[in-house]
Each structure stands twice: as C-alpha cells, then as structure tokens.
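Data file: my_file.txt. Format and content: compact mmCIF, C-alpha atoms.
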```txt
# COMPACT_ATOMS: atom_id res chain seq x y z
CA MET A 749 6.46 82.08 -5.26
CA ASN A 750 6.50 82.73 -1.50
CA THR A 751 4.10 79.81 -1.00
CA ILE A 752 6.55 77.42 -2.67
CA ILE A 753 9.46 78.67 -0.57
CA TYR A 754 7.46 78.40 2.66
CA THR A 755 6.38 74.87 1.69
CA ILE A 756 9.99 73.79 1.11
CA ILE A 757 11.09 75.32 4.44
CA VAL A 758 8.28 73.60 6.33
CA ALA A 759 9.03 70.25 4.62
CA VAL A 760 12.73 70.53 5.49
CA ALA A 761 11.88 71.45 9.09
CA ILE A 762 9.52 68.52 9.44
CA ALA A 763 12.09 66.15 7.96
CA PHE A 764 14.72 67.47 10.38
CA VAL A 765 12.43 67.02 13.39
CA LEU A 766 11.47 63.49 12.30
CA GLY A 767 15.12 62.61 11.81
CA VAL A 768 15.97 63.82 15.32
CA LEU A 769 13.03 61.90 16.78
CA LEU A 770 13.99 58.70 14.95
CA GLY A 771 17.54 59.05 16.26
CA LEU A 772 16.25 59.46 19.83
CA PHE A 773 13.88 56.52 19.49
CA LYS A 774 16.72 54.37 18.17
CA LYS A 775 18.81 55.17 21.25
CA ILE A 776 15.94 54.79 23.70
CA PHE A 777 14.69 51.46 22.31
CA HIS A 778 18.05 50.07 21.23
CA VAL A 779 18.50 46.37 21.92
CA ASP A 780 22.02 44.98 22.07
CA VAL A 781 22.55 42.11 19.63
CA ASP A 782 25.16 39.45 20.25
CA PRO A 783 27.79 39.91 17.49
CA LYS A 784 27.97 36.14 17.21
CA VAL A 785 24.45 36.14 15.76
CA GLN A 786 25.54 38.16 12.75
CA LYS A 787 28.66 36.03 12.34
CA VAL A 788 26.55 32.88 12.30
CA ARG A 789 24.09 34.51 9.89
CA ASP A 790 26.95 35.31 7.53
CA VAL A 791 28.03 31.67 7.20
CA LEU A 792 24.53 30.27 6.64
CA SER A 793 23.35 29.30 3.17
CA GLY A 794 20.78 32.10 3.01
CA ALA A 795 18.25 29.73 1.45
CA ASN A 796 15.62 30.34 4.16
CA CYS A 797 14.45 26.82 3.35
CA GLY A 798 13.14 26.03 6.83
CA GLY A 799 15.04 22.76 6.94
CA CYS A 800 16.40 23.74 10.36
CA GLY A 801 12.86 23.90 11.72
CA MET A 802 13.01 27.68 12.09
CA ALA A 803 11.18 30.42 10.19
CA GLY A 804 14.37 31.32 8.34
CA CYS A 805 18.12 31.90 8.56
CA ASP A 806 17.79 34.92 10.90
CA ALA A 807 15.72 32.94 13.38
CA PHE A 808 18.15 30.01 13.24
CA ALA A 809 21.18 32.26 13.81
CA GLY A 810 19.62 33.69 16.96
CA ALA A 811 18.54 30.27 18.21
CA VAL A 812 21.91 28.59 17.69
CA VAL A 813 23.76 31.34 19.58
CA LYS A 814 21.28 31.03 22.46
CA GLY A 815 21.78 27.28 22.50
CA ASP A 816 18.24 26.52 21.35
CA ALA A 817 19.41 24.97 18.07
CA ALA A 818 22.26 22.63 17.13
CA ALA A 819 25.31 23.90 15.24
CA ASP A 820 24.64 21.34 12.51
CA GLY A 821 21.02 22.45 12.09
CA CYS A 822 21.54 24.14 8.72
CA VAL A 823 21.00 21.21 6.37
CA ALA A 824 21.48 23.41 3.31
CA GLY A 825 24.89 24.56 4.52
CA GLY A 826 26.11 21.07 5.30
CA ALA A 827 29.34 20.12 7.02
CA ALA A 828 31.29 23.28 6.11
CA CYS A 829 28.58 25.48 7.60
CA ALA A 830 28.37 23.41 10.79
CA THR A 831 32.14 23.56 11.25
CA SER A 832 32.12 27.36 10.83
CA ILE A 833 29.30 27.76 13.35
CA ALA A 834 31.10 25.52 15.85
CA GLU A 835 34.21 27.68 15.53
CA ILE A 836 32.19 30.87 16.08
CA LEU A 837 30.64 29.37 19.20
CA GLY A 838 34.01 28.14 20.43
CA LYS A 839 32.98 24.51 20.35
CA ALA A 840 34.66 21.42 18.98
CA GLY A 841 34.10 20.57 15.32
CA VAL A 842 30.76 19.03 14.43
CA GLU A 843 30.55 16.03 12.11
CA VAL A 844 27.63 16.38 9.73
CA LYS A 845 26.44 13.71 7.35
CA PRO A 846 24.75 15.07 4.21
CA LYS A 847 21.11 14.07 3.96
CA VAL A 848 18.82 13.59 0.98
CA ALA A 849 15.18 12.84 0.27
CA PHE A 850 14.04 9.39 -0.87
CA LEU A 851 10.64 8.72 -2.46
CA ALA A 852 9.14 5.60 -0.91
CA CYS A 853 6.81 4.87 -3.81
CA HIS A 854 7.30 3.06 -7.10
CA GLY A 855 3.74 3.43 -8.34
CA THR A 856 4.38 4.66 -11.88
CA LYS A 857 1.68 5.31 -14.47
CA GLU A 858 2.28 1.85 -15.91
CA CYS A 859 1.87 -0.14 -12.71
CA ALA A 860 -0.44 1.91 -10.45
CA GLN A 861 -4.12 2.13 -11.34
CA ASP A 862 -5.86 5.52 -11.37
CA LYS A 863 -9.28 6.03 -9.80
CA GLY A 864 -10.39 8.05 -12.81
CA ASN A 865 -9.84 11.46 -14.37
CA TYR A 866 -9.23 14.14 -11.76
CA GLU A 867 -10.17 17.60 -13.07
CA GLY A 868 -10.05 19.62 -9.87
CA VAL A 869 -7.33 21.99 -8.63
CA GLN A 870 -4.07 20.53 -9.90
CA THR A 871 -2.26 20.06 -6.62
CA CYS A 872 -1.64 16.93 -4.57
CA LYS A 873 -3.13 18.58 -1.50
CA ALA A 874 -6.39 19.37 -3.31
CA ALA A 875 -6.65 15.88 -4.82
CA GLN A 876 -6.04 14.37 -1.41
CA LEU A 877 -8.83 16.43 0.14
CA VAL A 878 -11.31 15.76 -2.65
CA MET A 879 -10.79 12.07 -3.34
CA ASN A 880 -7.97 10.78 -1.13
CA GLY A 881 -5.55 10.96 -4.04
CA THR A 882 -5.75 9.99 -7.69
CA LYS A 883 -4.52 6.39 -7.36
CA LYS A 884 -6.51 3.36 -6.29
CA CYS A 885 -3.70 2.69 -3.86
CA ALA A 886 -4.48 4.93 -0.90
CA TYR A 887 -0.76 5.31 -0.24
CA GLY A 888 0.39 6.01 -3.82
CA CYS A 889 2.04 9.15 -5.16
CA ILE A 890 -0.59 11.54 -6.51
CA GLY A 891 1.85 12.96 -9.03
CA LEU A 892 0.74 16.60 -9.20
CA ALA A 893 4.15 17.93 -8.21
CA ASP A 894 3.54 19.69 -4.89
CA CYS A 895 6.98 18.42 -3.82
CA VAL A 896 8.62 19.83 -6.95
CA LYS A 897 7.10 23.26 -6.34
CA ALA A 898 8.14 23.18 -2.68
CA CYS A 899 11.81 22.33 -3.31
CA PRO A 900 13.92 25.51 -2.95
CA PHE A 901 16.99 23.89 -4.50
CA GLY A 902 15.61 22.64 -7.81
CA ALA A 903 16.42 19.07 -6.77
CA LEU A 904 13.06 17.61 -7.82
CA SER A 905 11.43 17.20 -11.20
CA MET A 906 8.53 15.16 -12.52
CA GLY A 907 9.47 12.11 -14.58
CA GLU A 908 7.60 10.81 -17.59
CA ASP A 909 6.44 7.87 -15.46
CA GLY A 910 4.41 10.24 -13.27
CA LEU A 911 6.74 10.14 -10.25
CA PRO A 912 9.07 12.87 -8.95
CA ILE A 913 12.78 12.36 -9.55
CA VAL A 914 15.33 13.39 -6.93
CA ASP A 915 18.58 14.93 -8.16
CA TYR A 916 20.94 13.77 -5.44
CA LYS A 917 23.61 16.24 -6.53
CA LYS A 918 21.31 19.12 -5.62
CA CYS A 919 19.24 17.69 -2.77
CA VAL A 920 20.30 18.77 0.74
CA GLY A 921 17.62 16.93 2.71
CA CYS A 922 15.86 20.09 3.87
CA GLY A 923 12.56 18.21 4.20
CA LYS A 924 10.41 20.68 2.27
CA CYS A 925 9.19 17.90 -0.03
CA GLN A 926 8.41 15.73 2.97
CA LYS A 927 6.19 18.45 4.41
CA ALA A 928 4.52 19.22 1.07
CA CYS A 929 3.57 15.62 0.27
CA PRO A 930 0.09 14.83 1.65
CA LYS A 931 0.86 11.12 1.43
CA LYS A 932 4.09 11.52 3.45
CA LEU A 933 6.05 9.47 0.91
CA PHE A 934 9.44 11.10 1.33
CA GLN A 935 12.06 9.87 3.78
CA ILE A 936 15.08 11.97 4.78
CA ILE A 937 18.12 9.69 5.00
CA ASN A 938 21.91 9.96 5.07
CA LEU A 939 23.45 10.32 1.63
CA ASP A 940 26.09 7.71 2.51
CA THR A 941 23.46 5.09 3.38
CA LYS A 942 24.50 1.67 2.11
CA GLY A 943 21.98 -1.13 1.80
CA SER A 944 18.51 -1.98 0.58
CA ILE A 945 15.55 0.34 0.85
CA ALA A 946 11.87 -0.23 0.11
CA ARG A 947 10.10 1.80 -2.57
CA CYS A 948 6.60 1.33 -1.18
CA SER A 949 4.58 2.96 1.59
CA SER A 950 1.41 0.84 1.40
CA ARG A 951 0.37 -0.38 4.82
CA SER A 952 -2.72 -2.17 3.49
CA ASP A 953 -3.19 -5.79 4.57
CA ASN A 954 -5.66 -6.53 1.76
CA LYS A 955 -3.33 -8.61 -0.41
CA PRO A 956 -5.68 -9.21 -3.38
CA GLN A 957 -6.44 -5.48 -3.55
CA ILE A 958 -2.76 -4.57 -3.37
CA ARG A 959 -2.15 -6.61 -6.53
CA LYS A 960 -5.07 -4.90 -8.31
CA ASP A 961 -4.09 -1.39 -7.29
CA CYS A 962 -0.36 -1.54 -8.05
CA SER A 963 1.71 -4.31 -9.61
CA PHE A 964 4.77 -2.99 -7.73
CA GLY A 965 3.02 -2.73 -4.35
CA CYS A 966 4.50 -4.57 -1.37
CA PHE A 967 2.50 -7.81 -1.04
CA LYS A 968 3.51 -8.41 2.60
CA CYS A 969 4.75 -11.90 1.71
CA GLY A 970 7.73 -11.67 4.05
CA LEU A 971 10.19 -13.18 1.57
CA CYS A 972 12.61 -10.32 2.20
CA VAL A 973 12.64 -11.16 5.90
CA LYS A 974 13.13 -14.89 5.26
CA LYS A 975 15.85 -14.49 2.63
CA CYS A 976 17.97 -11.92 4.46
CA PRO A 977 21.11 -13.76 5.67
CA GLU A 978 21.89 -11.02 8.18
CA GLN A 979 18.38 -10.97 9.64
CA CYS A 980 18.33 -7.18 9.33
CA ILE A 981 14.78 -6.83 7.92
CA GLU A 982 11.51 -6.89 9.82
CA LEU A 983 7.97 -5.93 8.90
CA VAL A 984 6.75 -2.94 10.90
CA ASN A 985 3.16 -1.83 10.29
CA GLY A 986 3.21 -3.89 7.11
CA LEU A 987 6.37 -2.28 5.72
CA PRO A 988 9.94 -3.63 5.55
CA LYS A 989 12.28 -1.88 7.98
CA ILE A 990 16.03 -2.31 7.48
CA ASP A 991 18.66 -2.25 10.21
CA TYR A 992 21.56 -0.57 8.40
CA THR A 993 24.00 -1.54 11.14
CA LYS A 994 23.59 -5.13 9.92
CA CYS A 995 22.81 -4.74 6.22
CA THR A 996 25.73 -5.74 3.97
CA SER A 997 24.15 -4.83 0.61
CA CYS A 998 24.17 -8.49 -0.39
CA GLY A 999 21.08 -7.93 -2.54
CA GLU A 1000 19.25 -11.08 -1.44
CA CYS A 1001 16.09 -9.11 -0.61
CA VAL A 1002 16.28 -7.30 -3.95
CA ASN A 1003 16.42 -10.62 -5.81
CA ALA A 1004 13.78 -12.28 -3.64
CA CYS A 1005 11.13 -9.55 -3.94
CA THR A 1006 8.73 -10.45 -6.77
CA ASP A 1007 7.20 -6.97 -6.59
CA LYS A 1008 10.52 -5.20 -7.25
CA VAL A 1009 10.02 -3.15 -4.09
CA PHE A 1010 13.65 -3.23 -2.96
CA VAL A 1011 16.62 -1.39 -4.41
CA LEU A 1012 20.14 -0.79 -3.11
CA PHE A 1013 20.20 2.87 -2.22
CA GLN A 1014 23.80 3.37 -3.33
CA ASP A 1015 22.74 2.31 -6.85
CA LEU A 1016 20.44 5.36 -7.03
CA ILE A 1017 23.20 7.89 -6.35
```

Take the structure from the file and write it as structure tokens.
Amino acid sequence: MNTIIYTIIVAVAIAFVLGVLLGLFKKIFHVDVDPKVQKVRDVLSGANCGGCGMAGCDAFAGAVVKGDAAADGCVAGGAACATSIAEILGKAGVEVKPKVAFLACHGTKECAQDKGNYEGVQTCKAAQLVMNGTKKCAYGCIGLADCVKACPFGALSMGEDGLPIVDYKKCVGCGKCQKACPKKLFQIINLDTKGSIARCSSRSDNKPQIRKDCSFGCFKCGLCVKKCPEQCIELVNGLPKIDYTKCTSCGECVNACTDKVFVLFQDLI
C-alpha cells in the first residue's frame, strides 16, 4: 500500500516540476506574433490547398502580413477574402477576379487513339513515366484521374468519354490539377473570360500523324487565324493563342475549325 502512495506522490511531484519547467521555457523562448497574422488566418478559407503558392494557410497568413504575399493570394477565398485581408492590413480594397481551370484537350475515347492496354499503376504520372502516356498523341489526356484526386474542392470528375469534367460552380482555380497533370493540360483563366479558347495542346507539326492520333487534334491549318475578323488569333508554338482584348466572341474561328478545336468559353459555364 505504501508503495502505491509513494508512486502517486512521486508522479505528482514530477508532473509539477515538468509543468513549472514548461512554463519557464515558454517565457524564455516566447516569440511575439503579430496579431494581424491570426486575424488574416481567421478570414482564410482553411482549405490548405496550396493555391497561394505557400505550404498552407498558416504560412500564407504570415507571408501576407510581412508583405511577401499579395492580399488577393488566397484563390479559394476569392474576392471577399481579399477584401477582408486588405482591411486588416489597412490597405485599399483589392479587386479579385475568380479563376477556374480549363482542360486544353478534347481527346475523348472516341476520337483519340490509344497506344494499347496499359496495366501498370493506375495513375497518370506512372503511365507518363512508363510509356509517355496512354494515347498515341503525346500531348493527350491520359485519363487516369490524377487531377480529380488532387482537387481539394471536388470540382473535378471523370466523364464517360474518358476526360475530366470541371464543375465551374465549385472550381476556384487553385491550380492543384495543373500541378498534378503530367501533360500540363490545364490552364488557369479568369471565370469571366469571354471569347474562343482552344481545346488542344498538341504542338506536333506532323500533320498526317495528328489526323491518325486524334480526329479532334489541331491540324495547324491556320484557318482560325485567317478567318478571324479581329485578327486576335496567332499560332504560337503550333497552338492558337487568343488576344482577349480584341476577341468579340463572333464565333468565326469556331465555325471555321474543321477539327472542332475551338469553343466559346462562356458557353461552358
């Protein structure tokens, strides 16, 4: 019985001493934290999505107070979050345009030819390492859903055609899908973008092979450039690039493209 009592007394004494020591260490090694950091942290989305380019919300809060990150850096929080951060920092309001991800590939199961049956690890990254993707088109979507798994907002799902579908009501343009895709097929653009956009990322100049690999692949014919009345399209590295300051959404490029590469972005929303 005495042994039990002594054990309890010793345990309590040790706990007391450790508590005192921890209190002393806390005072000795205390680091003052700017109260603005916690205020900024409180208005962030808490998604820890990494869309700001930081390791997480805590890191971003510290960086934005120090001036190492922009007030509108939290893509998940959007305009309301940016406005709140600007107020905390005592700065003028920040205008933030919502961003979303766009898949620059239209190589569905029906139009894009497969190399063969891939039976390795079922991830796009693995298929890319093993055989440069599953499609004959070296730039085509592999379709093993790495982007879907990476999305922290549930804004991506795989369609029956073998391509990921973006839910623009949920997407915040954090860029996680862009980083996860080994083919780099996702573009992060403003949600209010008006005008045509190309659903192809093939930079191949082998025209006969493009036709064989994907019936919707950009053939580099240049009709879109010739037909555009505003002269807002040019071919850059084999891909159509649109100047949205000139584009009027006339749809001439959409109608002219025999490969159905172009679509008006506002029609996808």

Which distance in Å separates atom CA of Gly799 of chain A and atom CA of Phe1010 of chain A, to one decimal?
->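 Computing it gives 27.8 Å between the two atoms.
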
With a distance cut-off of 8 Å and only C-alpha atoms, select the neighbouring residues of Val788 of chain A, excluding the residue or stretch itself and same-chain residues fewer than 6 positions from it, and output the selection as number ranges by chain.
-> A: 809, 813, 832-833, 836

For Leu1016 of chain A, which of A:Gln861, A:Phe850, A:Tyr866, A:Gln926 is the closest residue, counting only C-alpha atoms?
->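 Among the listed residues, A:Phe850 lies closest to Leu1016 of chain A.
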
Can you list, as a list of chain:residue names, every protein, DNA or RNA residue that comes within 9 Å of Asp915 of chain A when you count only C-alpha atoms, leaving out same-chain residues fewer than 6 positions away?
->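 Within the cut-off, the hits are A:Gly902, A:Ala903, A:Leu904, A:Ser905, A:Ile1017.
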
In Å, with one decimal, what is the gap from atom CA of His854 of chain A to atom CA of Arg947 of chain A?
->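 We find that atom CA of His854 of chain A and atom CA of Arg947 of chain A lie 5.5 Å from each other.
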
With only C-alpha atoms as the atoms that count, which of A:Gln935, A:Thr856, A:Asn985, A:Asn1003 lies nearest to Pro912 of chain A?
->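 Using only C-alpha atoms, Pro912 of chain A sits closest to A:Thr856.
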
In terms of the shortest atom-to-atom distance over all atoms listed in the file, which of A:Lys857, A:Lys994, A:Arg789, A:Lys884 is closest to Ala830 of chain A?
->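 Among the listed residues, A:Arg789 lies closest to Ala830 of chain A.
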
Because some atoms of segment 989-1012 of chain A are absent here, can you restore N, CA, C and O atoms and send them as an mmCIF file, in the frame of the given file?
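Produced file rebuild11.cif, reproduced below:
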```
data_model
loop_
_atom_site.group_PDB
_atom_site.id
_atom_site.type_symbol
_atom_site.label_atom_id
_atom_site.label_comp_id
_atom_site.auth_asym_id
_atom_site.auth_seq_id
_atom_site.Cartn_x
_atom_site.Cartn_y
_atom_site.Cartn_z
ATOM 1 N N LYS A 989 11.393 -2.820 7.308
ATOM 2 C CA LYS A 989 12.280 -1.880 7.980
ATOM 3 C C LYS A 989 13.662 -2.509 8.040
ATOM 4 O O LYS A 989 13.818 -3.646 8.504
ATOM 5 N N ILE A 990 14.678 -1.762 7.575
ATOM 6 C CA ILE A 990 16.030 -2.310 7.480
ATOM 7 C C ILE A 990 16.915 -1.761 8.585
ATOM 8 O O ILE A 990 16.917 -0.557 8.851
ATOM 9 N N ASP A 991 17.657 -2.648 9.216
ATOM 10 C CA ASP A 991 18.660 -2.250 10.210
ATOM 11 C C ASP A 991 19.987 -2.087 9.462
ATOM 12 O O ASP A 991 20.641 -3.074 9.111
ATOM 13 N N TYR A 992 20.367 -0.832 9.211
ATOM 14 C CA TYR A 992 21.560 -0.570 8.400
ATOM 15 C C TYR A 992 22.862 -0.862 9.140
ATOM 16 O O TYR A 992 23.928 -0.856 8.514
ATOM 17 N N THR A 993 22.783 -1.135 10.422
ATOM 18 C CA THR A 993 24.000 -1.540 11.140
ATOM 19 C C THR A 993 24.343 -2.992 10.819
ATOM 20 O O THR A 993 25.465 -3.445 11.072
ATOM 21 N N LYS A 994 23.377 -3.722 10.260
ATOM 22 C CA LYS A 994 23.590 -5.130 9.920
ATOM 23 C C LYS A 994 23.621 -5.376 8.415
ATOM 24 O O LYS A 994 24.255 -6.329 7.953
ATOM 25 N N CYS A 995 22.929 -4.522 7.663
ATOM 26 C CA CYS A 995 22.810 -4.740 6.220
ATOM 27 C C CYS A 995 24.175 -4.678 5.541
ATOM 28 O O CYS A 995 24.961 -3.757 5.772
ATOM 29 N N THR A 996 24.446 -5.660 4.668
ATOM 30 C CA THR A 996 25.730 -5.740 3.970
ATOM 31 C C THR A 996 25.596 -5.490 2.466
ATOM 32 O O THR A 996 26.556 -5.703 1.720
ATOM 33 N N SER A 997 24.409 -5.077 2.035
ATOM 34 C CA SER A 997 24.150 -4.830 0.610
ATOM 35 C C SER A 997 24.331 -6.081 -0.233
ATOM 36 O O SER A 997 24.752 -6.017 -1.398
ATOM 37 N N CYS A 998 24.002 -7.238 0.341
ATOM 38 C CA CYS A 998 24.170 -8.490 -0.390
ATOM 39 C C CYS A 998 23.188 -8.613 -1.554
ATOM 40 O O CYS A 998 23.429 -9.335 -2.514
ATOM 41 N N GLY A 999 22.049 -7.922 -1.452
ATOM 42 C CA GLY A 999 21.080 -7.930 -2.540
ATOM 43 C C GLY A 999 20.112 -9.093 -2.535
ATOM 44 O O GLY A 999 19.321 -9.246 -3.476
ATOM 45 N N GLU A 1000 20.146 -9.935 -1.499
ATOM 46 C CA GLU A 1000 19.250 -11.080 -1.440
ATOM 47 C C GLU A 1000 17.776 -10.657 -1.411
ATOM 48 O O GLU A 1000 16.931 -11.275 -2.050
ATOM 49 N N CYS A 1001 17.481 -9.593 -0.680
ATOM 50 C CA CYS A 1001 16.090 -9.110 -0.610
ATOM 51 C C CYS A 1001 15.651 -8.532 -1.955
ATOM 52 O O CYS A 1001 14.498 -8.687 -2.370
ATOM 53 N N VAL A 1002 16.586 -7.865 -2.632
ATOM 54 C CA VAL A 1002 16.280 -7.300 -3.950
ATOM 55 C C VAL A 1002 15.911 -8.407 -4.922
ATOM 56 O O VAL A 1002 14.936 -8.304 -5.680
ATOM 57 N N ASN A 1003 16.670 -9.493 -4.914
ATOM 58 C CA ASN A 1003 16.420 -10.620 -5.810
ATOM 59 C C ASN A 1003 15.171 -11.404 -5.411
ATOM 60 O O ASN A 1003 14.473 -11.949 -6.274
ATOM 61 N N ALA A 1004 14.900 -11.474 -4.112
ATOM 62 C CA ALA A 1004 13.780 -12.280 -3.640
ATOM 63 C C ALA A 1004 12.424 -11.606 -3.850
ATOM 64 O O ALA A 1004 11.409 -12.290 -4.029
ATOM 65 N N CYS A 1005 12.399 -10.281 -3.868
ATOM 66 C CA CYS A 1005 11.130 -9.550 -3.940
ATOM 67 C C CYS A 1005 10.531 -9.628 -5.338
ATOM 68 O O CYS A 1005 11.071 -9.064 -6.298
ATOM 69 N N THR A 1006 9.405 -10.315 -5.464
ATOM 70 C CA THR A 1006 8.730 -10.450 -6.770
ATOM 71 C C THR A 1006 8.058 -9.163 -7.205
ATOM 72 O O THR A 1006 7.719 -9.007 -8.383
ATOM 73 N N ASP A 1007 7.867 -8.244 -6.279
ATOM 74 C CA ASP A 1007 7.200 -6.970 -6.590
ATOM 75 C C ASP A 1007 8.185 -5.861 -6.918
ATOM 76 O O ASP A 1007 7.777 -4.724 -7.144
ATOM 77 N N LYS A 1008 9.477 -6.188 -6.921
ATOM 78 C CA LYS A 1008 10.520 -5.200 -7.250
ATOM 79 C C LYS A 1008 10.459 -3.973 -6.328
ATOM 80 O O LYS A 1008 10.682 -2.850 -6.748
ATOM 81 N N VAL A 1009 10.142 -4.238 -5.069
ATOM 82 C CA VAL A 1009 10.020 -3.150 -4.090
ATOM 83 C C VAL A 1009 11.396 -2.661 -3.646
ATOM 84 O O VAL A 1009 11.592 -1.463 -3.445
ATOM 85 N N PHE A 1010 12.337 -3.584 -3.516
ATOM 86 C CA PHE A 1010 13.650 -3.230 -2.960
ATOM 87 C C PHE A 1010 14.625 -2.741 -4.031
ATOM 88 O O PHE A 1010 14.605 -3.172 -5.185
ATOM 89 N N VAL A 1011 15.507 -1.861 -3.602
ATOM 90 C CA VAL A 1011 16.620 -1.390 -4.410
ATOM 91 C C VAL A 1011 17.751 -1.061 -3.466
ATOM 92 O O VAL A 1011 17.523 -0.705 -2.303
ATOM 93 N N LEU A 1012 18.990 -1.214 -3.916
ATOM 94 C CA LEU A 1012 20.140 -0.790 -3.110
ATOM 95 C C LEU A 1012 20.277 0.715 -3.264
ATOM 96 O O LEU A 1012 20.427 1.212 -4.383
#
```
